[in-house]
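Asks: Sharing a structure below in structure tokens format, with a few things to ask.
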Amino acid sequence: MPIISAMTELEAVNEMLMSIGQAPVNTLSVTGIRDVSVARAPACRA
């Protein structure tokens, strides 16, 4: 039986980035990568 655990915001953003073929990031304070900002928007509303 798999263990379900909460995902960090960084993990969630990286999952979204990888789903559109982008490389994952090491930090959320990356500047100049619009996809990181776009991916963070829904995560911040949750």
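Chain lettering (A, B, ...) mirrors the order of the structure tokens, residue numbering begins at 1 for each chain separately, and ligand numbering begins at 1 in order of display.
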Which residues are close to A:Val25, i.e. within 9 Å by only C-alpha atoms, leaving aside same-chain residues fewer than 2 positions away? Reply as a list in words.
Replies: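 Surrounding residues, per the criterion: Leu10, Val13, Asn14, Leu17, Ala23, Thr27, Leu28, Val30 and Val36 of chain A.
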Asks: Output as a short mmCIF file (atom, residue, chain, number, x, y, z; two decimals) with N, CA and C atoms, in the first residue's frame all residues of chain A that backbone DSSP marks as helix (DSSP H, G or I).
Replies:
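Output contents, as saved in states_2.cif:
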```
data_model
loop_
_atom_site.label_atom_id
_atom_site.label_comp_id
_atom_site.auth_asym_id
_atom_site.auth_seq_id
_atom_site.Cartn_x
_atom_site.Cartn_y
_atom_site.Cartn_z
N GLU A 9 5.56 22.96 -1.97
CA GLU A 9 5.27 23.85 -3.10
C GLU A 9 6.30 23.64 -4.21
N LEU A 10 7.55 23.46 -3.84
CA LEU A 10 8.60 23.23 -4.84
C LEU A 10 8.33 21.94 -5.61
N GLU A 11 7.95 20.88 -4.91
CA GLU A 11 7.63 19.63 -5.59
C GLU A 11 6.45 19.79 -6.53
N ALA A 12 5.43 20.52 -6.09
CA ALA A 12 4.25 20.74 -6.93
C ALA A 12 4.61 21.52 -8.19
N VAL A 13 5.40 22.58 -8.02
CA VAL A 13 5.82 23.38 -9.17
C VAL A 13 6.65 22.53 -10.13
N ASN A 14 7.56 21.72 -9.60
CA ASN A 14 8.37 20.87 -10.47
C ASN A 14 7.53 19.84 -11.21
N GLU A 15 6.52 19.29 -10.57
CA GLU A 15 5.62 18.36 -11.25
C GLU A 15 4.93 19.07 -12.42
N MET A 16 4.46 20.30 -12.18
CA MET A 16 3.80 21.06 -13.25
C MET A 16 4.77 21.37 -14.38
N LEU A 17 5.99 21.78 -14.02
CA LEU A 17 6.99 22.09 -15.05
C LEU A 17 7.31 20.87 -15.89
N MET A 18 7.52 19.74 -15.24
CA MET A 18 7.86 18.52 -15.97
C MET A 18 6.71 18.06 -16.86
N SER A 19 5.47 18.35 -16.45
CA SER A 19 4.32 17.93 -17.26
C SER A 19 4.24 18.69 -18.58
N ARG A 34 9.25 32.36 -16.67
CA ARG A 34 7.82 32.65 -16.54
C ARG A 34 7.03 31.43 -16.10
N ASP A 35 7.43 30.25 -16.57
CA ASP A 35 6.69 29.04 -16.22
C ASP A 35 6.68 28.78 -14.72
N VAL A 36 7.72 29.18 -14.02
CA VAL A 36 7.76 29.00 -12.56
C VAL A 36 6.70 29.90 -11.92
N SER A 37 6.62 31.14 -12.37
CA SER A 37 5.61 32.06 -11.83
C SER A 37 4.20 31.57 -12.11
N VAL A 38 3.98 31.08 -13.31
CA VAL A 38 2.66 30.58 -13.70
C VAL A 38 2.30 29.35 -12.88
N ALA A 39 3.26 28.46 -12.68
CA ALA A 39 3.01 27.24 -11.91
C ALA A 39 2.75 27.54 -10.44
N ARG A 40 3.39 28.58 -9.92
CA ARG A 40 3.21 28.92 -8.50
C ARG A 40 1.85 29.52 -8.22
N ALA A 41 1.24 30.18 -9.17
CA ALA A 41 -0.02 30.89 -8.94
C ALA A 41 -1.11 29.98 -8.35
N PRO A 42 -1.43 28.83 -8.96
CA PRO A 42 -2.47 27.97 -8.38
C PRO A 42 -2.04 27.37 -7.04
N ALA A 43 -0.75 27.08 -6.88
CA ALA A 43 -0.27 26.50 -5.64
C ALA A 43 -0.40 27.49 -4.48
N CYS A 44 -0.23 28.75 -4.77
CA CYS A 44 -0.33 29.78 -3.73
C CYS A 44 -1.78 30.02 -3.31
N ARG A 45 -2.74 29.73 -4.19
CA ARG A 45 -4.15 29.93 -3.87
C ARG A 45 -4.73 28.79 -3.04
#
```
